[in-house]
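What follows is a set of notes on a single structure, which appears directly below.
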Amino acid sequence: MTRTVYLSPPDVGPLEESYLISALRSGWVAPAGPDLDAFEREVAARIGTRGAVAVSSGTAALHLALLGVGVSPGDTVLVPTLTFVATANAVRYTGARPVFVDCDPHTGNVDVPLVAELLNRLRSRGERIGAVVPVDMFGSCADYSALLPVCAEADVPVVEDAAEALGAAHHGRAAGSFGRVGALSFNGNKIMTTSGGGMLVSGDMALLARARHLSTQAREPKAHYEHRETGYNYRLSNLLAALGRAQLVRLDGMIGRRRQLRDRYAKLFAPVPGVELVGAEDTASNCWLTVIRVRPERSGWTAADLAAHLAARDIETRPVWKPMHRQPAYAGSESLLTGAADDLFAEGLTLPSGSALTEREIVSVLGAIDEFLSARTGASSA
Ligand SMILES: *Cc1c(COP(=O)(O)O)cnc(C)c1O
């Protein structure tokens, strides 16, 4: 009997179990408690920011981060078109309007010269630009050395969507720390999980205090329930924070396993014409997902061909994110495009990348790819 090999399943075991049981037995089951406070301190220490606020999802973290930098109804916010829909949705929650920017074809991260061009264009039209939201794609930091000066020059705050990138770095600085505020996700498929959860990380303690206030229904410190503005029920549970603390202990080990797996894919595909590992040059990536790009005119096969071969063997793969400018929910949105995200969507494939994959599962995936490639090479050389 074989079971499905999933793309990026949760990696949990005895350590998570013991942390969860301790939290349960402590009586702190509500969205408040010592594990919640400790989880915030530990993630902030790991990233090197002064503080953090734990919330119920990465999407909630993005929403509060955008509010924290002052994004308001009618503002324009720059968002990479290649991202998960949460980045754009969080912008809409604030009443602002996302404008989409294309990506670098080799990394999938936002195309910085295009950001500069778009900022100029929007400013010359007199628009109020609320934020730029770079996304650290597939666990690889955006090119902050180039991007931060562009945003500083335009005097626009950066909100870093580091949902995929906890543990990654750019020139020695940790993912999550680049903007005025960063957003992390602990969803079930991410590099580490609290089953569902997220966090804001920032050096701006006033911004974080306001986010914490908004995350708890904006309840005033009074004995009765007093509210001066509309808040949200976004706080993370103490139980889930305990799960997160156990995951954080294991984070470097889990990143190491994903990196080893990526190295094995790299070796397998190295001699194959027309196949490129997206973001392969970035040695400081957390290797969240390994993505290949297949150029059929050189390989003689498509990403979809390989996906079908693997699906028939119960091995899950996925296309890369469908660009936001292609999503019906964002039809008609203004965009500045080169075609790079469309190409990655057409030619990219996300391979099983989870740290919980067993050696047997890894061998079966690599074997199935090898079988596919041998058949293709045989056919083309015959
Ligand atoms: C996962 C993800 C999010 C959202 O995180 P949730 O915890 O699922 O709400 C936001 N942005 C990107 C780029 C993501 O990959």
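Identifiers in this document derive from the order of the structure tokens: chains are assigned A, B, ..., residues are numbered from 1 separately in each chain, and ligands are numbered from 1 in order of occurrence.
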Report as JSON lines: every residue of chain A with an atom at most 8 Å from ligand 1, its closest pair of atoms, and their distance in Å to one decimal, counting only C-alpha atoms and all ligand atoms, with rows sorted by chain and ascending residue number.
```
{"residue": "A:Ser56", "atom": "CA", "partner": "ligand 1", "partner_atom_place_in_ligand_line": "7 (O)", "distance": 7.5}
{"residue": "A:Ser57", "atom": "CA", "partner": "ligand 1", "partner_atom_place_in_ligand_line": "7 (O)", "distance": 3.9}
{"residue": "A:Gly58", "atom": "CA", "partner": "ligand 1", "partner_atom_place_in_ligand_line": "7 (O)", "distance": 3.4}
{"residue": "A:Thr59", "atom": "CA", "partner": "ligand 1", "partner_atom_place_in_ligand_line": "9 (O)", "distance": 3.7}
{"residue": "A:Ala60", "atom": "CA", "partner": "ligand 1", "partner_atom_place_in_ligand_line": "9 (O)", "distance": 6.5}
{"residue": "A:Ala61", "atom": "CA", "partner": "ligand 1", "partner_atom_place_in_ligand_line": "9 (O)", "distance": 7.9}
{"residue": "A:Leu62", "atom": "CA", "partner": "ligand 1", "partner_atom_place_in_ligand_line": "10 (C)", "distance": 7.4}
{"residue": "A:Thr83", "atom": "CA", "partner": "ligand 1", "partner_atom_place_in_ligand_line": "13 (C)", "distance": 5.2}
{"residue": "A:Phe84", "atom": "CA", "partner": "ligand 1", "partner_atom_place_in_ligand_line": "13 (C)", "distance": 4.8}
{"residue": "A:Val85", "atom": "CA", "partner": "ligand 1", "partner_atom_place_in_ligand_line": "11 (N)", "distance": 7.1}
{"residue": "A:Ala86", "atom": "CA", "partner": "ligand 1", "partner_atom_place_in_ligand_line": "10 (C)", "distance": 4.7}
{"residue": "A:Thr87", "atom": "CA", "partner": "ligand 1", "partner_atom_place_in_ligand_line": "11 (N)", "distance": 5.1}
{"residue": "A:Val135", "atom": "CA", "partner": "ligand 1", "partner_atom_place_in_ligand_line": "13 (C)", "distance": 5.7}
{"residue": "A:Asp136", "atom": "CA", "partner": "ligand 1", "partner_atom_place_in_ligand_line": "13 (C)", "distance": 7.0}
{"residue": "A:Met137", "atom": "CA", "partner": "ligand 1", "partner_atom_place_in_ligand_line": "13 (C)", "distance": 6.7}
{"residue": "A:Phe138", "atom": "CA", "partner": "ligand 1", "partner_atom_place_in_ligand_line": "15 (O)", "distance": 7.6}
{"residue": "A:Asp161", "atom": "CA", "partner": "ligand 1", "partner_atom_place_in_ligand_line": "11 (N)", "distance": 5.9}
{"residue": "A:Ala162", "atom": "CA", "partner": "ligand 1", "partner_atom_place_in_ligand_line": "13 (C)", "distance": 6.9}
{"residue": "A:Ala163", "atom": "CA", "partner": "ligand 1", "partner_atom_place_in_ligand_line": "14 (C)", "distance": 4.8}
{"residue": "A:Glu164", "atom": "CA", "partner": "ligand 1", "partner_atom_place_in_ligand_line": "15 (O)", "distance": 5.1}
{"residue": "A:Ala183", "atom": "CA", "partner": "ligand 1", "partner_atom_place_in_ligand_line": "10 (C)", "distance": 8.0}
{"residue": "A:Leu184", "atom": "CA", "partner": "ligand 1", "partner_atom_place_in_ligand_line": "5 (O)", "distance": 7.2}
{"residue": "A:Ser185", "atom": "CA", "partner": "ligand 1", "partner_atom_place_in_ligand_line": "7 (O)", "distance": 4.2}
{"residue": "A:Phe186", "atom": "CA", "partner": "ligand 1", "partner_atom_place_in_ligand_line": "7 (O)", "distance": 5.5}
{"residue": "A:Asn187", "atom": "CA", "partner": "ligand 1", "partner_atom_place_in_ligand_line": "7 (O)", "distance": 4.5}
{"residue": "A:Asn189", "atom": "CA", "partner": "ligand 1", "partner_atom_place_in_ligand_line": "1 (C)", "distance": 7.9}
{"residue": "A:Lys190", "atom": "CA", "partner": "ligand 1", "partner_atom_place_in_ligand_line": "1 (C)", "distance": 6.8}
{"residue": "A:Gly196", "atom": "CA", "partner": "ligand 1", "partner_atom_place_in_ligand_line": "7 (O)", "distance": 6.0}
{"residue": "A:Gly197", "atom": "CA", "partner": "ligand 1", "partner_atom_place_in_ligand_line": "7 (O)", "distance": 5.5}
{"residue": "A:Gly198", "atom": "CA", "partner": "ligand 1", "partner_atom_place_in_ligand_line": "7 (O)", "distance": 5.5}
```
Could you write those residues out with C-alpha atoms, as a PDB file, in the first residue's frame?
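So again_13.pdb came out as:
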```pdb
ATOM      1  CA  SER A  56      -4.819  33.760  14.101  1.00  0.00           C
ATOM      2  CA  SER A  57      -3.447  33.746  10.526  1.00  0.00           C
ATOM      3  CA  GLY A  58      -0.888  35.267   8.210  1.00  0.00           C
ATOM      4  CA  THR A  59      -3.742  37.059   6.466  1.00  0.00           C
ATOM      5  CA  ALA A  60      -4.783  38.692   9.759  1.00  0.00           C
ATOM      6  CA  ALA A  61      -1.139  39.700  10.329  1.00  0.00           C
ATOM      7  CA  LEU A  62      -1.026  41.348   6.887  1.00  0.00           C
ATOM      8  CA  THR A  83       1.622  35.733  -4.780  1.00  0.00           C
ATOM      9  CA  PHE A  84      -1.031  33.912  -2.800  1.00  0.00           C
ATOM     10  CA  VAL A  85      -4.349  35.777  -2.848  1.00  0.00           C
ATOM     11  CA  ALA A  86      -4.058  36.679   0.863  1.00  0.00           C
ATOM     12  CA  THR A  87      -1.616  39.509   0.066  1.00  0.00           C
ATOM     13  CA  VAL A 135       6.501  38.903  -0.867  1.00  0.00           C
ATOM     14  CA  ASP A 136       9.416  36.593  -0.048  1.00  0.00           C
ATOM     15  CA  MET A 137       8.494  34.053  -2.696  1.00  0.00           C
ATOM     16  CA  PHE A 138       8.804  30.322  -1.974  1.00  0.00           C
ATOM     17  CA  ASP A 161       4.908  39.549   3.409  1.00  0.00           C
ATOM     18  CA  ALA A 162       7.295  36.981   4.889  1.00  0.00           C
ATOM     19  CA  ALA A 163       4.554  34.334   5.203  1.00  0.00           C
ATOM     20  CA  GLU A 164       6.683  31.809   3.291  1.00  0.00           C
ATOM     21  CA  ALA A 183       3.905  39.360   8.483  1.00  0.00           C
ATOM     22  CA  LEU A 184       4.538  35.646   9.093  1.00  0.00           C
ATOM     23  CA  SER A 185       2.219  32.679   8.553  1.00  0.00           C
ATOM     24  CA  PHE A 186       2.051  29.454  10.555  1.00  0.00           C
ATOM     25  CA  ASN A 187      -0.534  27.815   8.309  1.00  0.00           C
ATOM     26  CA  ASN A 189       1.648  23.961   4.839  1.00  0.00           C
ATOM     27  CA  LYS A 190       4.229  26.583   5.828  1.00  0.00           C
ATOM     28  CA  GLY A 196      -3.246  28.037  11.690  1.00  0.00           C
ATOM     29  CA  GLY A 197      -1.655  31.245  12.866  1.00  0.00           C
ATOM     30  CA  GLY A 198       0.429  34.254  12.018  1.00  0.00           C
TER      31      GLY A 198
END
```
Contacts of segment 240-250 of chain A at 6 Å or less, counting only C-alpha atoms, minus same-chain residues fewer than 6 places along, as a list of chain:residue names?
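Using only C-alpha atoms, the neighbours found are A:Glu16, A:Tyr19, A:Leu20, A:Asp35, A:Leu36, A:Phe39, A:Met192, A:Thr194.
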What's around Ala169 of chain A at 12 Å? Count only C-alpha atoms, leave out sequence neighbours fewer than 6 positions away in its own chain, and write the answer as a PDB file with N, CA, C and O atoms, in the first residue's frame.
```
ATOM      1  N   ARG A  46      14.418  35.559  17.312  1.00  0.00           N
ATOM      2  CA  ARG A  46      14.935  34.810  16.170  1.00  0.00           C
ATOM      3  C   ARG A  46      15.133  35.735  14.967  1.00  0.00           C
ATOM      4  O   ARG A  46      16.108  35.642  14.229  1.00  0.00           O
ATOM      5  N   ILE A  47      14.177  36.647  14.761  1.00  0.00           N
ATOM      6  CA  ILE A  47      14.216  37.522  13.592  1.00  0.00           C
ATOM      7  C   ILE A  47      15.052  38.773  13.851  1.00  0.00           C
ATOM      8  O   ILE A  47      15.599  39.373  12.933  1.00  0.00           O
ATOM      9  N   GLY A  48      15.155  39.146  15.124  1.00  0.00           N
ATOM     10  CA  GLY A  48      15.936  40.325  15.448  1.00  0.00           C
ATOM     11  C   GLY A  48      15.121  41.604  15.423  1.00  0.00           C
ATOM     12  O   GLY A  48      15.659  42.684  15.166  1.00  0.00           O
ATOM     13  N   ASP A 136       8.199  37.414   0.023  1.00  0.00           N
ATOM     14  CA  ASP A 136       9.416  36.593  -0.048  1.00  0.00           C
ATOM     15  C   ASP A 136       9.028  35.228  -0.618  1.00  0.00           C
ATOM     16  O   ASP A 136       8.655  34.306   0.107  1.00  0.00           O
ATOM     17  N   GLY A 139      10.016  31.206  -0.029  1.00  0.00           N
ATOM     18  CA  GLY A 139      11.011  31.147   1.038  1.00  0.00           C
ATOM     19  C   GLY A 139      12.302  31.857   0.717  1.00  0.00           C
ATOM     20  O   GLY A 139      13.313  31.663   1.401  1.00  0.00           O
ATOM     21  N   SER A 140      12.285  32.690  -0.318  1.00  0.00           N
ATOM     22  CA  SER A 140      13.482  33.414  -0.725  1.00  0.00           C
ATOM     23  C   SER A 140      13.204  34.915  -0.613  1.00  0.00           C
ATOM     24  O   SER A 140      12.210  35.400  -1.169  1.00  0.00           O
ATOM     25  N   CYS A 141      14.065  35.637   0.085  1.00  0.00           N
ATOM     26  CA  CYS A 141      13.820  37.068   0.303  1.00  0.00           C
ATOM     27  C   CYS A 141      13.805  37.823  -1.020  1.00  0.00           C
ATOM     28  O   CYS A 141      14.575  37.523  -1.934  1.00  0.00           O
ATOM     29  N   ALA A 142      12.933  38.828  -1.090  1.00  0.00           N
ATOM     30  CA  ALA A 142      12.966  39.764  -2.214  1.00  0.00           C
ATOM     31  C   ALA A 142      14.316  40.486  -2.203  1.00  0.00           C
ATOM     32  O   ALA A 142      15.067  40.401  -1.230  1.00  0.00           O
ATOM     33  N   ASP A 143      14.616  41.194  -3.278  1.00  0.00           N
ATOM     34  CA  ASP A 143      15.908  41.882  -3.383  1.00  0.00           C
ATOM     35  C   ASP A 143      15.847  43.205  -2.618  1.00  0.00           C
ATOM     36  O   ASP A 143      15.716  44.275  -3.201  1.00  0.00           O
ATOM     37  N   TYR A 144      15.985  43.100  -1.288  1.00  0.00           N
ATOM     38  CA  TYR A 144      15.810  44.287  -0.438  1.00  0.00           C
ATOM     39  C   TYR A 144      16.918  45.312  -0.628  1.00  0.00           C
ATOM     40  O   TYR A 144      16.686  46.500  -0.438  1.00  0.00           O
ATOM     41  N   SER A 145      18.122  44.873  -1.001  1.00  0.00           N
ATOM     42  CA  SER A 145      19.210  45.845  -1.212  1.00  0.00           C
ATOM     43  C   SER A 145      18.795  46.855  -2.264  1.00  0.00           C
ATOM     44  O   SER A 145      19.156  48.021  -2.188  1.00  0.00           O
ATOM     45  N   ALA A 162       6.303  38.038   4.682  1.00  0.00           N
ATOM     46  CA  ALA A 162       7.295  36.981   4.889  1.00  0.00           C
ATOM     47  C   ALA A 162       6.606  35.669   5.272  1.00  0.00           C
ATOM     48  O   ALA A 162       7.204  34.809   5.919  1.00  0.00           O
ATOM     49  N   ALA A 175      14.552  37.364   7.200  1.00  0.00           N
ATOM     50  CA  ALA A 175      13.247  37.610   6.581  1.00  0.00           C
ATOM     51  C   ALA A 175      12.260  38.016   7.661  1.00  0.00           C
ATOM     52  O   ALA A 175      12.246  37.442   8.754  1.00  0.00           O
ATOM     53  N   GLY A 176      11.444  39.001   7.356  1.00  0.00           N
ATOM     54  CA  GLY A 176      10.469  39.515   8.315  1.00  0.00           C
ATOM     55  C   GLY A 176      10.902  40.866   8.872  1.00  0.00           C
ATOM     56  O   GLY A 176      10.080  41.641   9.358  1.00  0.00           O
ATOM     57  N   SER A 177      12.229  41.139   8.798  1.00  0.00           N
ATOM     58  CA  SER A 177      12.764  42.338   9.458  1.00  0.00           C
ATOM     59  C   SER A 177      12.963  43.512   8.508  1.00  0.00           C
ATOM     60  O   SER A 177      13.477  44.549   8.910  1.00  0.00           O
ATOM     61  N   PHE A 178      12.594  43.367   7.231  1.00  0.00           N
ATOM     62  CA  PHE A 178      12.995  44.386   6.253  1.00  0.00           C
ATOM     63  C   PHE A 178      12.065  45.587   6.170  1.00  0.00           C
ATOM     64  O   PHE A 178      12.506  46.692   5.884  1.00  0.00           O
ATOM     65  N   ASP A 282      19.910  31.449  -4.511  1.00  0.00           N
ATOM     66  CA  ASP A 282      19.776  31.998  -3.165  1.00  0.00           C
ATOM     67  C   ASP A 282      20.110  30.945  -2.117  1.00  0.00           C
ATOM     68  O   ASP A 282      19.297  30.099  -1.781  1.00  0.00           O
ATOM     69  N   THR A 283      21.316  31.027  -1.550  1.00  0.00           N
ATOM     70  CA  THR A 283      21.743  30.027  -0.565  1.00  0.00           C
ATOM     71  C   THR A 283      21.156  30.320   0.816  1.00  0.00           C
ATOM     72  O   THR A 283      21.267  29.501   1.719  1.00  0.00           O
ATOM     73  N   ALA A 284      20.538  31.496   0.991  1.00  0.00           N
ATOM     74  CA  ALA A 284      19.957  31.854   2.295  1.00  0.00           C
ATOM     75  C   ALA A 284      18.441  31.683   2.311  1.00  0.00           C
ATOM     76  O   ALA A 284      17.765  32.140   3.233  1.00  0.00           O
ATOM     77  N   SER A 285      17.904  31.017   1.290  1.00  0.00           N
ATOM     78  CA  SER A 285      16.476  30.694   1.265  1.00  0.00           C
ATOM     79  C   SER A 285      16.178  29.667   2.357  1.00  0.00           C
ATOM     80  O   SER A 285      17.056  28.902   2.749  1.00  0.00           O
ATOM     81  N   ASN A 286      14.925  29.622   2.834  1.00  0.00           N
ATOM     82  CA  ASN A 286      14.564  28.557   3.775  1.00  0.00           C
ATOM     83  C   ASN A 286      14.099  27.304   3.025  1.00  0.00           C
ATOM     84  O   ASN A 286      13.699  26.330   3.654  1.00  0.00           O
ATOM     85  N   CYS A 287      14.140  27.360   1.692  1.00  0.00           N
ATOM     86  CA  CYS A 287      13.803  26.206   0.837  1.00  0.00           C
ATOM     87  C   CYS A 287      12.388  25.696   1.103  1.00  0.00           C
ATOM     88  O   CYS A 287      12.131  24.493   1.018  1.00  0.00           O
TER      89      CYS A 287
END
```
Can I get the residues of segment 68-117 of chain A within 12 Å of segment 202-207 of chain A, each with the closest pair of atoms and their distance in Å to one decimal, using only C-alpha atoms, sorted chain first then ascending number, as JSON lines?
```
{"residue": "A:Gly68", "atom": "CA", "partner": "A:Leu207", "partner_atom": "CA", "distance": 5.4}
{"residue": "A:Val69", "atom": "CA", "partner": "A:Leu207", "partner_atom": "CA", "distance": 7.5}
{"residue": "A:Gly70", "atom": "CA", "partner": "A:Leu207", "partner_atom": "CA", "distance": 9.7}
```
Apply DSSP to the backbone of this structure and, from segment 9-101 of chain A, keep only the residues in helix (DSSP H, G or I); write these as a count of residues only.
47
For Val275 of chain A, which of A:Val291, A:Ala146, A:Leu310, A:Ala54 is the closest residue, counting only C-alpha atoms?
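For Val275 of chain A, the nearest of the candidates is A:Val291.
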All residues 10 Å or closer to Glu229 of chain A, only C-alpha atoms, same chain fewer than 2 positions away omitted, as a list of chain:residue names
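These residues fall inside the cut-off: A:Leu214, A:Gln217, A:Ala218, A:Arg219, A:Glu220, A:Glu226, A:His227, A:Gly231.
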Per DSSP on the backbone, what are the strand (DSSP E or B) residues of segment 8-179 of chain A, as a ChimeraX atom specification?
/A:51-55,76-80,97-101,103,110,129-132,135,158-161,169-170,173-174
Distance of atom CA of Lys267 of chain A from atom CA of Thr193 of chain A, expressed in Å to one decimal place
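Atom-to-atom, atom CA of Thr193 of chain A and atom CA of Lys267 of chain A are spaced 28.8 Å apart.
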Could you tell me which of A:Ala280, A:Ala131, A:Leu351, A:Val201 comes closest to Arg50 of chain A if we count only C-alpha atoms?
A:Val201
